[in-house]
>>> print(open('input_13.txt').read())   # compact mmCIF, C-alpha atoms and all ligand atoms
# COMPACT_ATOMS: atom_id res chain seq x y z
CA MET A 1 8.97 13.81 -11.27
CA THR A 2 5.43 12.73 -11.97
CA ASN A 3 3.98 10.24 -14.38
CA HIS A 4 1.09 11.74 -16.26
CA ASN A 5 0.02 8.63 -18.13
CA VAL A 6 -0.55 6.46 -15.13
CA PHE A 7 -3.71 5.47 -13.34
CA THR A 8 -5.07 3.25 -10.65
CA PRO A 9 -7.76 0.60 -11.26
CA LYS A 10 -10.33 2.25 -9.02
CA ASP A 11 -10.01 5.54 -10.87
CA MET A 12 -10.71 4.04 -14.23
CA PRO A 13 -14.10 3.36 -15.82
CA LEU A 14 -14.35 0.02 -17.62
CA ALA A 15 -14.41 1.49 -21.11
CA ALA A 16 -11.41 3.68 -20.36
CA ALA A 17 -9.59 0.73 -18.86
CA ALA A 18 -10.14 -1.29 -22.01
CA ALA A 19 -9.02 1.58 -24.23
CA VAL A 20 -5.87 2.22 -22.28
CA ALA A 21 -5.19 -1.46 -21.92
CA ALA A 22 -5.13 -1.82 -25.67
CA ASN A 23 -2.01 0.33 -25.68
CA ALA A 24 -0.52 -0.95 -22.49
CA THR A 25 1.97 -3.73 -22.86
CA LEU A 26 4.62 -2.81 -20.35
CA HIS A 27 2.85 -2.38 -17.05
CA TYR A 28 1.27 -5.00 -14.86
CA SER A 29 -1.69 -4.64 -12.61
CA TYR A 30 -1.78 -4.90 -8.83
CA PRO A 31 -0.42 -7.37 -7.99
CA PRO A 32 1.28 -8.74 -11.13
CA PRO A 33 -0.63 -11.42 -13.05
CA ARG A 34 0.43 -15.04 -12.78
CA SER A 35 1.86 -15.17 -16.23
CA ILE A 36 3.81 -12.48 -17.97
CA GLY A 37 1.20 -11.67 -20.56
CA GLY A 38 0.45 -8.58 -22.56
CA ALA A 39 -2.50 -6.35 -23.15
CA ALA A 40 -4.97 -9.25 -22.93
CA ASP A 41 -4.02 -10.14 -19.36
CA TYR A 42 -3.92 -6.50 -18.43
CA ALA A 43 -7.30 -5.64 -19.90
CA GLY A 44 -8.84 -8.74 -18.36
CA PHE A 45 -7.69 -7.84 -14.91
CA LYS A 46 -8.81 -4.24 -15.23
CA LYS A 47 -12.23 -5.41 -16.35
CA LEU A 48 -12.58 -7.89 -13.53
CA LEU A 49 -11.43 -5.45 -10.93
CA THR A 50 -13.80 -2.77 -12.14
CA GLN A 51 -16.69 -5.25 -12.12
CA LEU A 52 -15.70 -6.45 -8.70
CA GLU A 53 -15.68 -3.02 -7.16
CA HIS A 54 -18.84 -1.91 -8.96
CA ARG A 55 -20.77 -4.99 -7.89
CA SER A 56 -19.47 -4.83 -4.37
CA ASN A 57 -20.27 -1.17 -3.97
CA SER A 58 -23.77 -1.57 -5.36
CA GLY A 59 -24.54 -4.75 -3.45
CA GLY A 60 -24.76 -6.68 -6.73
CA SER A 61 -26.39 -10.04 -7.19
CA SER A 62 -24.72 -13.43 -7.51
CA GLY A 63 -24.36 -15.56 -10.63
CA GLY A 64 -21.71 -14.11 -12.91
CA TRP A 65 -20.60 -11.92 -10.06
CA ILE A 66 -19.13 -14.83 -8.15
CA GLY A 67 -17.27 -15.92 -11.28
CA SER A 68 -15.85 -12.42 -11.72
CA TRP A 69 -14.93 -12.23 -8.10
CA LEU A 70 -13.15 -15.57 -8.25
CA ASP A 71 -11.26 -14.50 -11.36
CA SER A 72 -10.27 -11.28 -9.64
CA MET A 73 -9.03 -13.24 -6.63
CA ARG A 74 -6.91 -15.33 -8.99
CA ALA A 75 -5.60 -12.29 -10.84
CA SER A 76 -4.85 -10.48 -7.61
CA SER A 77 -3.20 -13.43 -5.97
CA PRO A 78 -0.66 -15.08 -8.20
CA THR A 79 0.34 -18.52 -7.04
CA HIS A 80 3.49 -18.37 -9.12
CA VAL A 81 4.95 -15.11 -7.98
CA ALA A 82 8.28 -16.74 -7.30
CA SER A 83 8.53 -18.13 -10.80
CA ALA A 84 7.41 -14.85 -12.34
CA ALA A 85 10.01 -13.05 -10.29
CA ALA A 86 12.58 -15.58 -11.37
CA VAL A 87 11.87 -14.82 -14.99
CA LEU A 88 12.41 -11.16 -14.28
CA THR A 89 15.47 -11.65 -12.14
CA SER A 90 19.02 -12.04 -13.24
CA PRO A 91 20.52 -14.88 -11.18
CA SER A 92 23.92 -13.25 -11.17
CA LEU A 93 22.95 -9.72 -10.27
CA MET A 94 19.65 -10.49 -8.51
CA ALA A 95 18.15 -7.57 -10.39
CA PRO A 96 15.25 -7.53 -12.84
CA CYS A 97 16.62 -7.42 -16.36
CA THR A 98 13.90 -7.66 -18.99
CA ALA A 99 13.49 -4.99 -21.64
CA GLU A 100 10.03 -4.27 -20.23
CA TYR A 101 11.47 -3.70 -16.79
CA GLU A 102 14.15 -1.41 -18.14
CA GLU A 103 11.52 0.57 -20.01
CA TRP A 104 9.41 0.86 -16.85
CA MET A 105 12.44 2.00 -14.89
CA LYS A 106 12.71 5.02 -17.16
CA GLN A 107 9.32 6.12 -15.86
CA CYS A 108 9.79 4.92 -12.31
CA PRO A 109 13.55 4.92 -11.67
CA SER A 110 15.28 3.46 -8.66
CA ALA A 111 15.11 5.82 -5.67
CA SER A 112 18.54 4.50 -4.68
CA ASN A 113 20.11 5.38 -8.01
CA LYS A 114 18.39 8.78 -8.01
CA PHE A 115 19.14 9.54 -4.39
CA GLU A 116 20.94 12.83 -5.12
CA GLU A 117 18.13 13.93 -7.40
CA ILE A 118 15.62 13.27 -4.62
CA THR A 119 17.57 15.13 -1.95
CA ALA A 120 18.09 18.03 -4.36
CA LYS A 121 14.31 18.23 -4.83
CA SER A 122 13.84 18.39 -1.07
CA LYS A 123 16.29 21.24 -0.62
CA GLY A 124 14.97 23.91 1.74
CA LYS A 125 11.92 21.81 2.58
CA LYS A 126 10.87 19.75 5.54
CA ILE A 127 10.87 16.03 4.76
CA VAL A 128 7.97 14.08 6.25
CA MET A 129 8.12 10.30 5.94
CA PHE A 130 5.16 7.98 5.33
CA LEU A 131 5.84 4.25 5.37
CA ASP A 132 3.55 1.35 4.55
CA TYR A 133 4.24 -1.78 6.65
CA ASP A 134 3.57 -5.13 4.91
CA GLY A 135 5.81 -5.62 1.88
CA THR A 136 7.59 -2.32 2.59
CA LEU A 137 9.14 -2.67 6.05
CA SER A 138 8.46 -6.40 6.39
CA PRO A 139 8.41 -9.24 3.86
CA ILE A 140 5.09 -10.71 2.70
CA VAL A 141 4.71 -14.05 4.51
CA ASP A 142 2.06 -16.80 4.57
CA ASP A 143 0.95 -16.10 8.12
CA PRO A 144 0.01 -12.41 8.44
CA ASP A 145 0.53 -12.64 12.21
CA ARG A 146 4.20 -13.42 11.60
CA ALA A 147 5.02 -10.51 9.29
CA TYR A 148 7.82 -9.33 11.55
CA MET A 149 10.22 -6.56 10.66
CA SER A 150 13.91 -7.14 11.31
CA GLU A 151 15.73 -5.44 14.15
CA ALA A 152 17.93 -3.75 11.53
CA MET A 153 14.84 -2.31 9.85
CA ARG A 154 13.47 -1.15 13.20
CA GLU A 155 16.75 0.62 13.85
CA ALA A 156 16.63 2.28 10.44
CA VAL A 157 13.05 3.50 11.03
CA ARG A 158 13.96 4.70 14.52
CA ASP A 159 16.85 6.73 13.06
CA VAL A 160 14.62 8.17 10.35
CA ALA A 161 12.12 9.27 12.99
CA LYS A 162 14.89 11.13 14.80
CA CYS A 163 15.48 13.19 11.67
CA PHE A 164 12.00 13.55 10.18
CA PRO A 165 8.38 13.28 11.35
CA THR A 166 7.51 9.70 10.43
CA ALA A 167 4.19 7.90 10.06
CA ILE A 168 3.34 4.25 9.47
CA VAL A 169 0.32 3.92 7.17
CA SER A 170 -1.13 0.41 7.04
CA GLY A 171 -4.27 -1.56 6.25
CA ARG A 172 -3.86 -3.37 9.52
CA CYS A 173 -5.40 -2.51 12.86
CA ARG A 174 -3.37 0.30 14.42
CA ASP A 175 -2.61 -1.66 17.58
CA LYS A 176 -1.41 -4.64 15.58
CA VAL A 177 0.92 -2.64 13.36
CA PHE A 178 2.23 -0.84 16.46
CA ASN A 179 3.01 -4.21 18.03
CA PHE A 180 5.05 -5.10 14.96
CA VAL A 181 6.94 -1.80 14.77
CA ARG A 182 7.15 -1.00 18.50
CA LEU A 183 8.39 2.58 18.08
CA ALA A 184 6.39 5.00 20.24
CA GLU A 185 7.85 8.07 18.55
CA LEU A 186 6.01 7.44 15.28
CA TYR A 187 2.58 8.41 14.00
CA TYR A 188 0.37 5.42 13.18
CA ALA A 189 -2.44 5.36 10.64
CA GLY A 190 -4.11 1.94 10.79
CA SER A 191 -7.13 0.47 8.99
CA HIS A 192 -6.09 2.11 5.70
CA GLY A 193 -5.80 5.46 7.43
CA MET A 194 -9.17 5.29 9.21
CA ASP A 195 -7.54 5.15 12.64
CA ILE A 196 -4.78 7.72 13.20
CA ARG A 197 -2.89 8.48 16.36
CA GLY A 198 0.15 10.62 17.09
CA PRO A 199 3.30 9.55 18.95
CA THR A 200 2.97 8.45 22.55
CA LYS A 201 6.57 9.53 23.02
CA SER A 202 7.79 12.88 21.69
CA PRO A 203 10.25 12.44 18.86
CA LYS A 204 13.72 13.70 19.72
CA ASN A 205 15.75 16.20 17.73
CA ILE A 206 12.71 17.59 15.96
CA ARG A 207 12.15 20.89 17.65
CA GLU A 208 9.36 22.00 15.36
CA GLU A 209 7.48 18.79 15.88
CA LYS A 210 4.05 19.17 17.32
CA ALA A 211 3.99 16.72 20.18
CA LYS A 212 0.28 17.03 20.81
CA ALA A 213 -1.72 13.87 20.46
CA ILE A 214 -3.51 13.43 17.19
CA LEU A 215 -6.53 11.22 16.88
CA CYS A 216 -8.67 10.73 13.80
CA GLN A 217 -11.27 8.01 13.40
CA PRO A 218 -13.54 9.04 10.52
CA ALA A 219 -15.27 5.63 10.38
CA SER A 220 -16.05 5.25 14.07
CA GLU A 221 -19.78 4.92 13.38
CA PHE A 222 -19.00 1.68 11.52
CA LEU A 223 -17.37 -0.01 14.50
CA PRO A 224 -20.46 -2.02 15.60
CA MET A 225 -21.12 -3.11 12.01
CA ILE A 226 -17.50 -4.21 11.48
CA GLU A 227 -17.61 -6.14 14.74
CA GLU A 228 -20.83 -7.84 13.71
CA VAL A 229 -19.62 -8.74 10.21
CA HIS A 230 -16.38 -10.07 11.65
CA LYS A 231 -18.26 -12.55 13.82
CA VAL A 232 -20.49 -13.65 10.95
CA LEU A 233 -17.54 -14.05 8.57
CA VAL A 234 -15.56 -16.08 11.10
CA ASP A 235 -18.56 -18.37 11.45
CA LYS A 236 -19.30 -18.65 7.72
CA THR A 237 -15.71 -19.25 6.63
CA GLY A 238 -14.81 -21.57 9.50
CA SER A 239 -15.29 -24.67 7.39
CA ILE A 240 -12.83 -23.52 4.73
CA GLN A 241 -9.40 -24.72 5.74
CA GLY A 242 -6.78 -21.97 5.79
CA ALA A 243 -9.25 -19.07 5.56
CA ARG A 244 -8.53 -16.38 8.05
CA VAL A 245 -10.64 -13.35 8.97
CA GLU A 246 -8.66 -10.51 10.51
CA ASN A 247 -10.44 -7.76 12.40
CA ASN A 248 -8.61 -4.51 11.64
CA LYS A 249 -11.04 -2.53 13.78
CA PHE A 250 -12.37 -0.24 11.05
CA CYS A 251 -12.06 -2.78 8.27
CA LEU A 252 -11.76 -6.53 7.79
CA SER A 253 -9.36 -8.74 5.88
CA VAL A 254 -10.24 -12.22 4.66
CA HIS A 255 -6.89 -13.87 4.00
CA PHE A 256 -6.84 -16.76 1.57
CA ARG A 257 -3.11 -17.21 1.09
CA CYS A 258 -3.33 -20.57 2.92
CA VAL A 259 -6.55 -21.70 1.21
CA ASP A 260 -6.43 -24.37 -1.51
CA GLN A 261 -7.20 -22.61 -4.78
CA LYS A 262 -10.01 -25.12 -5.42
CA LYS A 263 -11.76 -23.67 -2.38
CA TRP A 264 -11.50 -20.03 -3.43
CA ASP A 265 -14.92 -20.09 -5.08
CA ALA A 266 -16.51 -21.48 -1.92
CA LEU A 267 -14.85 -18.73 0.08
CA ALA A 268 -16.06 -16.11 -2.41
CA GLU A 269 -19.61 -17.47 -2.07
CA GLN A 270 -19.49 -17.27 1.70
CA VAL A 271 -18.15 -13.72 1.81
CA LYS A 272 -20.67 -12.66 -0.81
CA SER A 273 -23.56 -14.16 1.13
CA VAL A 274 -22.54 -12.11 4.17
CA LEU A 275 -21.87 -8.82 2.40
CA LYS A 276 -25.18 -8.70 0.54
CA ASP A 277 -26.76 -7.66 3.83
CA TYR A 278 -24.27 -4.81 4.33
CA PRO A 279 -24.43 -2.40 1.38
CA LYS A 280 -22.45 0.21 3.34
CA LEU A 281 -19.38 -1.99 3.16
CA ARG A 282 -17.27 -2.34 0.05
CA LEU A 283 -14.84 -4.96 -1.10
CA THR A 284 -11.45 -4.69 -2.74
CA THR A 285 -8.84 -7.32 -3.53
CA GLY A 286 -5.24 -7.33 -2.44
CA ARG A 287 -2.39 -9.78 -2.32
CA LYS A 288 -4.24 -12.99 -1.37
CA VAL A 289 -6.63 -10.99 0.71
CA LEU A 290 -10.15 -9.63 0.38
CA GLU A 291 -10.45 -6.24 2.05
CA ILE A 292 -13.82 -5.15 3.43
CA ARG A 293 -14.20 -1.55 4.51
CA PRO A 294 -16.78 1.21 4.95
CA THR A 295 -17.88 3.06 1.84
CA ILE A 296 -16.75 6.41 3.25
CA LYS A 297 -14.33 8.42 1.13
CA TRP A 298 -11.28 7.83 3.24
CA ASP A 299 -8.09 6.10 2.21
CA LYS A 300 -4.31 6.30 2.63
CA GLY A 301 -4.25 9.46 0.53
CA LYS A 302 -6.74 11.17 2.82
CA ALA A 303 -4.74 9.98 5.83
CA LEU A 304 -1.60 11.52 4.34
CA GLU A 305 -3.37 14.85 3.83
CA PHE A 306 -4.84 14.75 7.32
CA LEU A 307 -1.44 14.13 8.90
CA LEU A 308 0.24 16.89 6.90
CA GLU A 309 -2.39 19.37 8.03
CA SER A 310 -2.34 18.17 11.63
CA LEU A 311 1.41 18.55 11.73
CA GLY A 312 1.11 22.08 10.41
CA TYR A 313 2.83 21.13 7.17
CA ALA A 314 0.01 21.91 4.81
CA ASN A 315 2.06 24.82 3.46
CA PHE A 316 2.84 23.82 -0.09
CA SER A 317 6.35 25.20 -0.26
CA ASP A 318 7.68 24.10 3.12
CA VAL A 319 7.15 20.39 3.12
CA PHE A 320 8.43 17.42 1.12
CA PRO A 321 6.44 14.25 1.88
CA VAL A 322 8.07 10.94 0.97
CA TYR A 323 5.62 8.02 0.80
CA ILE A 324 6.92 4.46 0.38
CA GLY A 325 4.50 1.57 -0.22
CA ASP A 326 4.03 -1.61 -2.23
CA ASP A 327 0.32 -2.19 -2.75
CA ARG A 328 -2.65 -0.86 -4.64
CA THR A 329 -4.00 0.94 -1.57
CA ASP A 330 -0.78 2.99 -1.48
CA GLU A 331 -1.64 4.39 -4.91
CA ASP A 332 -4.21 6.68 -3.26
CA ALA A 333 -1.34 8.37 -1.43
CA PHE A 334 0.92 8.41 -4.50
CA LYS A 335 -1.89 10.06 -6.43
CA VAL A 336 -2.38 12.75 -3.78
CA LEU A 337 1.31 13.65 -3.99
CA ARG A 338 1.30 13.61 -7.78
CA ASP A 339 -1.82 15.80 -7.94
CA ARG A 340 -0.39 18.24 -5.41
CA GLY A 341 2.96 18.28 -7.22
CA GLN A 342 4.50 17.82 -3.82
CA GLY A 343 7.07 15.35 -2.50
CA ILE A 344 7.55 11.92 -4.01
CA GLY A 345 5.94 8.50 -3.99
CA ILE A 346 8.17 5.43 -4.04
CA LEU A 347 6.68 2.10 -5.13
CA VAL A 348 8.22 -1.08 -3.74
CA SER A 349 8.10 -3.59 -6.57
CA LYS A 350 10.29 -5.95 -8.55
CA VAL A 351 7.99 -5.96 -11.53
CA PRO A 352 6.56 -3.18 -13.70
CA LYS A 353 3.24 -1.85 -12.42
CA ASP A 354 0.91 1.00 -13.24
CA THR A 355 1.65 3.56 -10.60
CA SER A 356 1.42 7.19 -9.66
CA ALA A 357 4.71 6.87 -7.80
CA SER A 358 7.72 8.72 -9.16
CA TYR A 359 10.40 6.26 -8.07
CA SER A 360 10.75 2.61 -7.12
CA LEU A 361 12.64 0.31 -4.79
CA GLN A 362 12.72 -3.44 -5.25
CA ASP A 363 12.06 -4.83 -1.78
CA PRO A 364 12.23 -4.10 1.97
CA ALA A 365 16.02 -4.54 1.93
CA GLU A 366 16.32 -1.69 -0.56
CA VAL A 367 13.86 0.35 1.49
CA MET A 368 16.10 -0.08 4.52
CA ASN A 369 19.18 1.07 2.61
CA PHE A 370 17.29 4.06 1.30
CA LEU A 371 16.20 5.01 4.83
CA ARG A 372 19.76 4.66 6.08
CA ASN A 373 21.07 6.82 3.25
CA LEU A 374 18.47 9.45 4.04
CA VAL A 375 19.58 9.59 7.66
CA GLU A 376 23.27 9.79 6.69
CA TRP A 377 22.50 12.58 4.23
CA LYS A 378 20.54 14.50 6.86
CA LEU A 379 23.27 14.16 9.47
CA ARG A 380 25.90 15.20 6.91
CA SER A 381 23.93 18.27 5.95
CA LEU A 382 23.49 19.24 9.62
CA ASP A 383 27.21 18.73 10.13
CA ASP A 384 28.02 20.95 7.15
CA ARG A 385 25.75 23.66 8.54
CA VAL A 386 27.56 23.60 11.87
CA LYS A 387 30.94 23.92 10.13
CA VAL A 388 29.72 26.93 8.17
MG MG A 401 1.96 -3.11 1.82
>>> encode(input="input_13.txt", output="structure tokens")
Amino acid sequence: MTNHNVFTPKDMPLAAAAAVAANATLHYSYPPPRSIGGAADYAGFKKLLTQLEHRSNSGGSSGGWIGSWLDSMRASSPTHVASAAAVLTSPSLMAPCTAEYEEWMKQCPSASNKFEEITAKSKGKKIVMFLDYDGTLSPIVDDPDRAYMSEAMREAVRDVAKCFPTAIVSGRCRDKVFNFVRLAELYYAGSHGMDIRGPTKSPKNIREEKAKAILCQPASEFLPMIEEVHKVLVDKTGSIQGARVENNKFCLSVHFRCVDQKKWDALAEQVKSVLKDYPKLRLTTGRKVLEIRPTIKWDKGKALEFLLESLGYANFSDVFPVYIGDDRTDEDAFKVLRDRGQGIGILVSKVPKDTSASYSLQDPAEVMNFLRNLVEWKLRSLDDRVKV
């Protein structure tokens, strides 16, 4: 199933965003706004995000830009997520229950509830799994260095990798995400897909698997620049309590989840003052994080395509990619699958969002159950084949 009336902020010109927003009352932007508003909130965020990315990419000047940036940081980083979620969550069933949510679920139904539909779609095809890390396999926490995945989740991912080629696709540095996951039989695409490496241990029970090492680093020429900007940003933001600059090797993250909201404008000023000297770097906003990366056309969608080709699964009819992720950067991969009419994207979210994904799961706990079900289904089908 694909959604034809969906879009991602980066794909949408400002005028188009405003036009669509006028009719959009059910979906929320990435991440959801602080209050549950309507078209006004939605259009405002689209406008800010478009301005933010345009100004960043063109090395824009200050003034109103800082104001827009600050507003975008606020819109991207709700400080009342818990209360918003509470509004959308039934205390008895712990499941979102608003009419808006139910409407959204018609377009992006639960992958758990539609499990048989999904496996039917994959019939006769090779499933290849792509998993985001933060917010998908691990909960979002205040300290990004403590975003650990549970042992139960690790076990579920390990079992999935025994059945299907499996890749972790993350914005984090590849080494860091590997240290969280600690499964050598997986493929890892770090730095939003700009740093890809194959398994260091051959996956078992996958005879067709190509065990050869895969390495792709399309932004390697930016390494010295990223290193340099990291040092400058650490220095410039050092006086802002709670600000944290993470070096993801091919990209940088400025975390502000522990920064007092009154200091967000100061942080925006500091980052802006650094980036004006680096027009080849662009800025995007995430969940309480500013992401700085090279302007090259490479994202999680490109990483997905690269891995499929490297694995020899570019053949349209033989492969069924399943991509599970929770953030705006995952939309690039969802869009690739939608455009190719191949596989499925599964968005992890408890609130309605604009998405190119075909299905949804609420949180990492549901992701784990889905992975376990997939393994059980695979083993059952192998068992049935043996009996026949
Ligand atoms: Mg994520």
>>> closest_atom_pairs(input="input_13.txt", of="chain A", to="ligand MG 401 (chain A)", cutoff="10 Å", atoms="all atoms listed in the file", output="tab-separated table")
residue	atom	partner	partner_atom	distance
A:Leu131	CA	A:MG401	MG	9.0
A:Asp132	CA	A:MG401	MG	5.5
A:Tyr133	CA	A:MG401	MG	5.5
A:Asp134	CA	A:MG401	MG	4.0
A:Gly135	CA	A:MG401	MG	4.6
A:Thr136	CA	A:MG401	MG	5.7
A:Leu137	CA	A:MG401	MG	8.3
A:Ser138	CA	A:MG401	MG	8.6
A:Pro139	CA	A:MG401	MG	9.1
A:Ile140	CA	A:MG401	MG	8.3
A:Val169	CA	A:MG401	MG	9.0
A:Ser170	CA	A:MG401	MG	7.0
A:Gly171	CA	A:MG401	MG	7.8
A:Arg172	CA	A:MG401	MG	9.7
A:Gly286	CA	A:MG401	MG	9.4
A:Arg287	CA	A:MG401	MG	9.0
A:Ile324	CA	A:MG401	MG	9.2
A:Gly325	CA	A:MG401	MG	5.7
A:Asp326	CA	A:MG401	MG	4.8
A:Asp327	CA	A:MG401	MG	4.9
A:Arg328	CA	A:MG401	MG	8.2
A:Thr329	CA	A:MG401	MG	8.0
A:Asp330	CA	A:MG401	MG	7.5
A:Leu347	CA	A:MG401	MG	9.9
A:Val348	CA	A:MG401	MG	8.6
>>> atom_distance(input="input_13.txt", atom1="CA of Pro321 (chain A)", atom2="CA of Arg197 (chain A)")
18.2 Å
>>> axis_aligned_box(input="input_13.txt", around="region 279-298 of chain A", padding_each_side="3 Å", output="AutoDock Vina command-line options")
--center_x -13.4 --center_y -2.3 --center_z 0.7 --size_x 28.0 --size_y 27.4 --size_z 14.5
>>> atom_distance(input="input_13.txt", atom1="CA of Thr284 (chain A)", atom2="CA of Asp142 (chain A)")
19.6 Å
>>> atom_distance(input="input_13.txt", atom1="CA of Val232 (chain A)", atom2="CA of Asp260 (chain A)")
21.6 Å
>>> residues_around(input="input_13.txt", residues="Leu361 (chain A)", least_positions_apart="4", cutoff="7 Å", atoms="only C-alpha atoms", output="ChimeraX atom specification")
/A:110-111,346-349,366-367
>>> closest_residue(input="input_13.txt", among="A:Phe250, A:Trp377, A:Phe115, A:Phe334", to="Asp354 (chain A)", atoms="all atoms listed in the file")
A:Phe334
>>> closest_atom_pairs(input="input_13.txt", of="region 144-176 of chain A", to="region 182-189 of chain A", cutoff="9 Å", atoms="all atoms listed in the file", output="tab-separated table")
residue	atom	partner	partner_atom	distance
A:Arg154	CA	A:Leu183	CA	8.0
A:Val157	CA	A:Leu183	CA	8.5
A:Arg158	CA	A:Leu183	CA	6.9
A:Ala161	CA	A:Leu186	CA	6.8
A:Lys162	CA	A:Glu185	CA	8.5
A:Pro165	CA	A:Leu186	CA	7.4
A:Thr166	CA	A:Leu186	CA	5.6
A:Ala167	CA	A:Tyr187	CA	4.3
A:Ile168	CA	A:Tyr188	CA	4.9
A:Val169	CA	A:Ala189	CA	4.7
A:Ser170	CA	A:Ala189	CA	6.3
A:Gly171	CA	A:Ala189	CA	8.4
A:Arg172	CA	A:Ala189	CA	8.9
A:Cys173	CA	A:Ala189	CA	8.7
A:Arg174	CA	A:Ala189	CA	6.4
A:Asp175	CA	A:Tyr188	CA	8.9
>>> residues_near_point(input="input_13.txt", point="(-7.0, -7.7, 12.5)", cutoff="10 Å", atoms="only C-alpha atoms", output="list in words")
Pro144, Asp145, Gly171, Arg172, Cys173, Arg174, Asp175, Lys176, Val177, Ser191, His230, Arg244, Val245, Glu246, Asn247, Asn248, Lys249, Phe250, Cys251, Leu252, Ser253 and Val254 of chain A
>>> residues_near_point(input="input_13.txt", point="(-11.3, 6.0, 15.4)", cutoff="9 Å", atoms="all atoms listed in the file", output="list in words")
Met194, Asp195, Ile196, Arg197, Leu215, Cys216, Gln217, Pro218, Ala219, Ser220, Glu221, Leu223, Lys249 and Phe250 of chain A
>>> closest_residue(input="input_13.txt", among="A:Val375, A:Met105, A:Val271, A:Val259", to="Tyr359 (chain A)", atoms="all atoms listed in the file")
A:Met105
>>> residues_around(input="input_13.txt", residues="Asp332 (chain A)", least_positions_apart="4", cutoff="9 Å", atoms="only C-alpha atoms", output="list in words")
Thr8, Asp299, Lys300, Gly301, Lys302, Arg328, Val336, Leu337 and Ser356 of chain A
>>> write_last_selection(input="input_13.txt", atoms="C-alpha atoms", output="JSON list (two decimals), in the frame of the given file")
[["chain", "number", "residue", "atom", "x", "y", "z"],
["A", 8, "THR", "CA", -5.07, 3.25, -10.65],
["A", 299, "ASP", "CA", -8.09, 6.10, 2.21],
["A", 300, "LYS", "CA", -4.31, 6.30, 2.63],
["A", 301, "GLY", "CA", -4.25, 9.46, 0.53],
["A", 302, "LYS", "CA", -6.74, 11.17, 2.82],
["A", 328, "ARG", "CA", -2.65, -0.86, -4.64],
["A", 336, "VAL", "CA", -2.38, 12.75, -3.78],
["A", 337, "LEU", "CA", 1.31, 13.65, -3.99],
["A", 356, "SER", "CA", 1.42, 7.19, -9.66]]
